[in-house]
file input25.pdb (PDB, C-alpha atoms and all ligand atoms)
ATOM      1  CA  MET Q   1     124.049  71.620  99.102  1.00  0.00           C
ATOM      2  CA  GLY Q   2     121.523  68.911  98.369  1.00  0.00           C
ATOM      3  CA  ASN Q   3     120.970  70.051  94.791  1.00  0.00           C
ATOM      4  CA  GLY Q   4     123.568  67.676  93.289  1.00  0.00           C
ATOM      5  CA  ILE Q   5     125.095  70.437  91.201  1.00  0.00           C
ATOM      6  CA  SER Q   6     128.832  70.961  91.296  1.00  0.00           C
ATOM      7  CA  ILE Q   7     131.612  72.901  89.680  1.00  0.00           C
ATOM      8  CA  LEU Q   8     134.847  71.126  88.793  1.00  0.00           C
ATOM      9  CA  VAL Q   9     138.085  72.994  89.220  1.00  0.00           C
ATOM     10  CA  SER Q  10     141.602  71.620  88.879  1.00  0.00           C
ATOM     11  CA  ARG Q  11     144.442  72.184  91.337  1.00  0.00           C
ATOM     12  CA  GLY Q  12     146.313  74.083  88.655  1.00  0.00           C
ATOM     13  CA  GLN Q  13     143.340  76.393  88.139  1.00  0.00           C
ATOM     14  CA  ILE Q  14     143.110  77.003  91.874  1.00  0.00           C
ATOM     15  CA  SER Q  15     146.749  78.145  91.947  1.00  0.00           C
ATOM     16  CA  ILE Q  16     146.099  80.443  88.967  1.00  0.00           C
ATOM     17  CA  LEU Q  17     143.140  81.999  90.792  1.00  0.00           C
ATOM     18  CA  ASP Q  18     145.101  82.312  94.058  1.00  0.00           C
ATOM     19  CA  GLU Q  19     147.934  84.056  92.279  1.00  0.00           C
ATOM     20  CA  PHE Q  20     145.525  86.353  90.461  1.00  0.00           C
ATOM     21  CA  VAL Q  21     143.867  87.313  93.761  1.00  0.00           C
ATOM     22  CA  ARG Q  22     147.256  88.037  95.348  1.00  0.00           C
ATOM     23  CA  ASP Q  23     148.304  90.211  92.398  1.00  0.00           C
ATOM     24  CA  ASN Q  24     145.134  92.277  92.680  1.00  0.00           C
ATOM     25  CA  GLN Q  25     145.279  92.878  96.413  1.00  0.00           C
ATOM     26  CA  PRO Q  26     143.798  94.933  97.984  1.00  0.00           C
ATOM     27  CA  LEU Q  27     141.310  95.238  95.117  1.00  0.00           C
ATOM     28  CA  GLU Q  28     138.675  92.608  94.451  1.00  0.00           C
ATOM     29  CA  ALA Q  29     139.824  90.321  91.691  1.00  0.00           C
ATOM     30  CA  CYS Q  30     137.371  88.926  89.167  1.00  0.00           C
ATOM     31  CA  ALA Q  31     137.601  86.399  86.379  1.00  0.00           C
ATOM     32  CA  ILE Q  32     135.289  84.688  83.948  1.00  0.00           C
ATOM     33  CA  LEU Q  33     135.402  80.902  83.908  1.00  0.00           C
ATOM     34  CA  LEU Q  34     134.955  79.199  80.558  1.00  0.00           C
ATOM     35  CA  GLY Q  35     134.160  75.544  80.108  1.00  0.00           C
ATOM     36  CA  LYS Q  36     131.408  73.056  79.508  1.00  0.00           C
ATOM     37  CA  ARG Q  37     128.374  71.905  81.358  1.00  0.00           C
ATOM     38  CA  GLU Q  38     128.194  68.136  81.680  1.00  0.00           C
ATOM     39  CA  SER Q  39     124.790  67.260  83.153  1.00  0.00           C
ATOM     40  CA  ASN Q  40     125.010  68.480  86.762  1.00  0.00           C
ATOM     41  CA  ALA Q  41     128.642  69.512  86.682  1.00  0.00           C
ATOM     42  CA  PHE Q  42     130.133  72.718  85.400  1.00  0.00           C
ATOM     43  CA  VAL Q  43     133.648  71.897  84.197  1.00  0.00           C
ATOM     44  CA  ILE Q  44     136.139  74.769  84.084  1.00  0.00           C
ATOM     45  CA  LYS Q  45     138.506  74.651  81.105  1.00  0.00           C
ATOM     46  CA  GLU Q  46     139.871  78.154  81.002  1.00  0.00           C
ATOM     47  CA  ILE Q  47     140.196  81.196  83.267  1.00  0.00           C
ATOM     48  CA  VAL Q  48     139.918  84.652  81.754  1.00  0.00           C
ATOM     49  CA  PRO Q  49     141.008  87.399  84.152  1.00  0.00           C
ATOM     50  CA  ALA Q  50     138.721  90.422  83.942  1.00  0.00           C
ATOM     51  CA  GLN Q  51     139.614  93.899  84.987  1.00  0.00           C
ATOM     52  CA  ASN Q  52     137.676  95.313  87.891  1.00  0.00           C
ATOM     53  CA  ARG Q  53     136.291  98.555  86.469  1.00  0.00           C
ATOM     54  CA  ASP Q  54     135.334  99.807  89.914  1.00  0.00           C
ATOM     55  CA  SER Q  55     138.886  99.604  91.253  1.00  0.00           C
ATOM     56  CA  SER Q  56     137.166  98.918  94.515  1.00  0.00           C
ATOM     57  CA  ILE Q  57     138.059  96.723  97.418  1.00  0.00           C
ATOM     58  CA  VAL Q  58     134.435  95.894  98.157  1.00  0.00           C
ATOM     59  CA  ARG Q  59     132.726  95.461  94.824  1.00  0.00           C
ATOM     60  CA  PHE Q  60     133.418  94.820  91.218  1.00  0.00           C
ATOM     61  CA  THR Q  61     131.951  95.569  87.834  1.00  0.00           C
ATOM     62  CA  ILE Q  62     133.065  94.026  84.593  1.00  0.00           C
ATOM     63  CA  ASP Q  63     132.973  96.304  81.618  1.00  0.00           C
ATOM     64  CA  ASP Q  64     130.254  95.386  79.093  1.00  0.00           C
ATOM     65  CA  ASP Q  65     132.699  95.591  76.179  1.00  0.00           C
ATOM     66  CA  MET Q  66     135.067  93.259  77.961  1.00  0.00           C
ATOM     67  CA  LEU Q  67     132.259  90.872  78.742  1.00  0.00           C
ATOM     68  CA  PHE Q  68     131.278  90.904  75.079  1.00  0.00           C
ATOM     69  CA  GLU Q  69     134.871  90.088  74.072  1.00  0.00           C
ATOM     70  CA  ILE Q  70     134.938  87.225  76.558  1.00  0.00           C
ATOM     71  CA  TYR Q  71     131.706  85.779  75.167  1.00  0.00           C
ATOM     72  CA  LYS Q  72     133.149  86.038  71.653  1.00  0.00           C
ATOM     73  CA  LEU Q  73     136.310  84.249  72.801  1.00  0.00           C
ATOM     74  CA  ALA Q  74     134.231  81.498  74.423  1.00  0.00           C
ATOM     75  CA  ASP Q  75     132.286  81.084  71.212  1.00  0.00           C
ATOM     76  CA  LYS Q  76     135.464  80.795  69.167  1.00  0.00           C
ATOM     77  CA  LYS Q  77     136.785  78.100  71.498  1.00  0.00           C
ATOM     78  CA  ASN Q  78     133.442  76.334  71.526  1.00  0.00           C
ATOM     79  CA  LEU Q  79     133.119  76.871  75.278  1.00  0.00           C
ATOM     80  CA  SER Q  80     130.485  78.538  77.441  1.00  0.00           C
ATOM     81  CA  VAL Q  81     130.699  80.830  80.409  1.00  0.00           C
ATOM     82  CA  VAL Q  82     130.391  78.329  83.267  1.00  0.00           C
ATOM     83  CA  GLY Q  83     131.200  80.618  86.137  1.00  0.00           C
ATOM     84  CA  ILE Q  84     132.174  83.968  87.538  1.00  0.00           C
ATOM     85  CA  PHE Q  85     134.946  84.219  90.092  1.00  0.00           C
ATOM     86  CA  HIS Q  86     135.658  87.086  92.457  1.00  0.00           C
ATOM     87  CA  SER Q  87     137.387  87.690  95.744  1.00  0.00           C
ATOM     88  CA  HIS Q  88     136.047  89.203  98.937  1.00  0.00           C
ATOM     89  CA  PRO Q  89     138.006  90.927 101.699  1.00  0.00           C
ATOM     90  CA  SER Q  90     135.455  89.275 104.012  1.00  0.00           C
ATOM     91  CA  GLU Q  91     133.540  86.025 104.327  1.00  0.00           C
ATOM     92  CA  PRO Q  92     133.031  84.070 101.065  1.00  0.00           C
ATOM     93  CA  TYR Q  93     129.270  84.657 100.869  1.00  0.00           C
ATOM     94  CA  PRO Q  94     127.414  86.723  98.249  1.00  0.00           C
ATOM     95  CA  SER Q  95     126.654  90.335  99.129  1.00  0.00           C
ATOM     96  CA  SER Q  96     123.210  91.714  98.339  1.00  0.00           C
ATOM     97  CA  THR Q  97     124.648  93.294  95.171  1.00  0.00           C
ATOM     98  CA  ASP Q  98     126.162  89.941  94.203  1.00  0.00           C
ATOM     99  CA  LYS Q  99     122.775  88.288  94.718  1.00  0.00           C
ATOM    100  CA  SER Q 100     121.018  90.615  92.327  1.00  0.00           C
ATOM    101  CA  TYR Q 101     123.699  90.088  89.667  1.00  0.00           C
ATOM    102  CA  MET Q 102     123.560  86.356  90.262  1.00  0.00           C
ATOM    103  CA  LYS Q 103     119.910  86.345  89.227  1.00  0.00           C
ATOM    104  CA  VAL Q 104     120.842  88.084  85.971  1.00  0.00           C
ATOM    105  CA  ASN Q 105     123.798  85.711  85.420  1.00  0.00           C
ATOM    106  CA  PRO Q 106     122.561  82.323  86.622  1.00  0.00           C
ATOM    107  CA  VAL Q 107     125.924  80.585  86.344  1.00  0.00           C
ATOM    108  CA  PRO Q 108     127.966  79.399  89.342  1.00  0.00           C
ATOM    109  CA  TRP Q 109     129.630  82.239  91.256  1.00  0.00           C
ATOM    110  CA  ILE Q 110     132.818  81.314  93.071  1.00  0.00           C
ATOM    111  CA  ILE Q 111     133.778  83.621  95.910  1.00  0.00           C
ATOM    112  CA  LYS Q 112     137.214  83.466  97.478  1.00  0.00           C
ATOM    113  CA  SER Q 113     137.753  85.068 100.863  1.00  0.00           C
ATOM    114  CA  THR Q 114     141.082  86.827 101.224  1.00  0.00           C
ATOM    115  CA  THR Q 115     140.691  86.783 104.983  1.00  0.00           C
ATOM    116  CA  THR Q 116     139.910  83.112 105.593  1.00  0.00           C
ATOM    117  CA  ASP Q 117     141.281  81.752 102.272  1.00  0.00           C
ATOM    118  CA  GLU Q 118     138.036  79.819 101.941  1.00  0.00           C
ATOM    119  CA  MET Q 119     136.346  79.344  98.569  1.00  0.00           C
ATOM    120  CA  ARG Q 120     132.606  78.794  98.137  1.00  0.00           C
ATOM    121  CA  CYS Q 121     130.295  78.608  95.156  1.00  0.00           C
ATOM    122  CA  PHE Q 122     126.698  79.761  94.746  1.00  0.00           C
ATOM    123  CA  ILE Q 123     124.094  79.808  92.012  1.00  0.00           C
ATOM    124  CA  SER Q 124     120.731  81.436  91.562  1.00  0.00           C
ATOM    125  CA  SER Q 125     118.352  78.519  91.863  1.00  0.00           C
ATOM    126  CA  ASP Q 126     116.274  79.638  88.879  1.00  0.00           C
ATOM    127  CA  GLN Q 127     118.722  77.339  87.172  1.00  0.00           C
ATOM    128  CA  VAL Q 128     117.875  74.519  89.561  1.00  0.00           C
ATOM    129  CA  ASN Q 129     114.092  74.522  89.690  1.00  0.00           C
ATOM    130  CA  ASP Q 130     111.077  76.709  89.066  1.00  0.00           C
ATOM    131  CA  ASN Q 131     110.423  77.635  92.656  1.00  0.00           C
ATOM    132  CA  GLU Q 132     110.920  81.154  93.787  1.00  0.00           C
ATOM    133  CA  SER Q 133     114.354  82.425  92.991  1.00  0.00           C
ATOM    134  CA  GLN Q 134     116.892  81.911  95.719  1.00  0.00           C
ATOM    135  CA  ILE Q 135     120.616  81.564  96.068  1.00  0.00           C
ATOM    136  CA  GLU Q 136     121.907  78.064  96.692  1.00  0.00           C
ATOM    137  CA  GLU Q 137     125.367  76.846  97.492  1.00  0.00           C
ATOM    138  CA  ILE Q 138     126.856  74.243  95.169  1.00  0.00           C
ATOM    139  CA  GLU Q 139     129.794  71.943  95.715  1.00  0.00           C
ATOM    140  CA  ILE Q 140     133.293  72.763  94.451  1.00  0.00           C
ATOM    141  CA  LYS Q 141     134.939  69.534  93.343  1.00  0.00           C
ATOM    142  CA  ILE Q 142     138.686  69.575  92.967  1.00  0.00           C
ATOM    143  CA  ARG Q 143     140.246  67.418  90.287  1.00  0.00           C
ATOM    144  CA  ASP Q 144     143.893  66.794  89.473  1.00  0.00           C
TER     145      ASP Q 144
HETATM  146 ZN    ZN F   1     130.976  90.010  95.964  1.00  0.00          ZN
END

call {"tool": "encode", "arguments": {"input": "input25.pdb", "output": "structure tokens"}}
result
Amino acid sequence: MGNGISILVSRGQISILDEFVRDNQPLEACAILLGKRESNAFVIKEIVPAQNRDSSIVRFTIDDDMLFEIYKLADKKNLSVVGIFHSHPSEPYPSSTDKSYMKVNPVPWIIKSTTTDEMRCFISSDQVNDNESQIEEIEIKIRD
């Protein structure tokens, strides 16, 4: 995590995400995180729950139409998509499918494990430097 990049999430937002994950059990929950990028920090301002089209416990897909609506909403609120959140019924590390989608969507990806309760965040390092694309972990900073 030596890249200096972080994502800022408030305690209130963490409880919203926790509740959302519980409500979706045993399916994977996913949400789009809207906010602003302030130099090396992605600041979450709003959480938009997204329906998991796959209704799967091990993967998720967000409908293109829904994604389009979310981008429109972000635009209206003068915010950007600063992250994608989803839960895993396993360790909070990106799967190989996640990794390929992360390259297409080089925003922070927060993964919450429903087994260990741990939350970690990763980003495709295309965003970080021009070296070969790889997935890097970034710090989750909790604010009040
Ligand atoms: Zn995943």

call {"tool": "resolve_selection", "arguments": {"input": "input25.pdb", "expression": "the PyMOL selection byres (((chain Q and resi 89) around 9) and not hetatm)", "output": "NGL selection string"}}
result
:Q and (26-28 or 57-58 or 87-88 or 90-92 or 112-116)

call {"tool": "resolve_selection", "arguments": {"input": "input25.pdb", "expression": "the PyMOL selection byres (((chain Q and resi 41-53) around 9) and not hetatm)", "output": "ChimeraX atom specification"}}
result
/Q:4-10,13,16-17,20,27-40,54-56,59-63,66-67,70,79,81-83,107-108

call {"tool": "axis_aligned_box", "arguments": {"input": "input25.pdb", "around": "range 88-96 of chain Q", "padding_each_side": "3 Å", "output": "JSON"}}
result
{"center_x": 130.6, "center_y": 87.9, "center_z": 101.3, "size_x": 20.8, "size_y": 13.6, "size_z": 12.1}

call {"tool": "atom_distance", "arguments": {"input": "input25.pdb", "atom1": "CA of Lys141 in chain Q", "atom2": "CA of Lys72 in chain Q"}}
result
27.3 Å

call {"tool": "closest_residue", "arguments": {"input": "input25.pdb", "among": "Q:Gln25, Q:Asn3, Q:Ser100, Q:Asn78", "to": "ligand ZN 1 (chain F)", "atoms": "all atoms listed in the file"}}
result
Q:Ser100

call {"tool": "closest_residue", "arguments": {"input": "input25.pdb", "among": "Q:Ile123, Q:Ile110, Q:Ile14, Q:Ile138", "to": "ligand ZN 1 (chain F)", "atoms": "only C-alpha atoms and all ligand atoms"}}
result
Q:Ile110

call {"tool": "closest_residue", "arguments": {"input": "input25.pdb", "among": "Q:Ser95, Q:Ser80, Q:Gln134, Q:Asn24", "to": "ligand ZN 1 (chain F)", "atoms": "all atoms listed in the file"}}
result
Q:Ser95

call {"tool": "closest_residue", "arguments": {"input": "input25.pdb", "among": "Q:Arg143, Q:Lys103, Q:Arg120, Q:His86", "to": "ligand ZN 1 (chain F)", "atoms": "all atoms listed in the file"}}
result
Q:His86

call {"tool": "atom_distance", "arguments": {"input": "input25.pdb", "atom1": "CA of Ser124 in chain Q", "atom2": "CA of Ile111 in chain Q"}}
result
13.9 Å

call {"tool": "atom_distance", "arguments": {"input": "input25.pdb", "atom1": "CA of Ser15 in chain Q", "atom2": "CA of Pro94 in chain Q"}}
result
22.1 Å
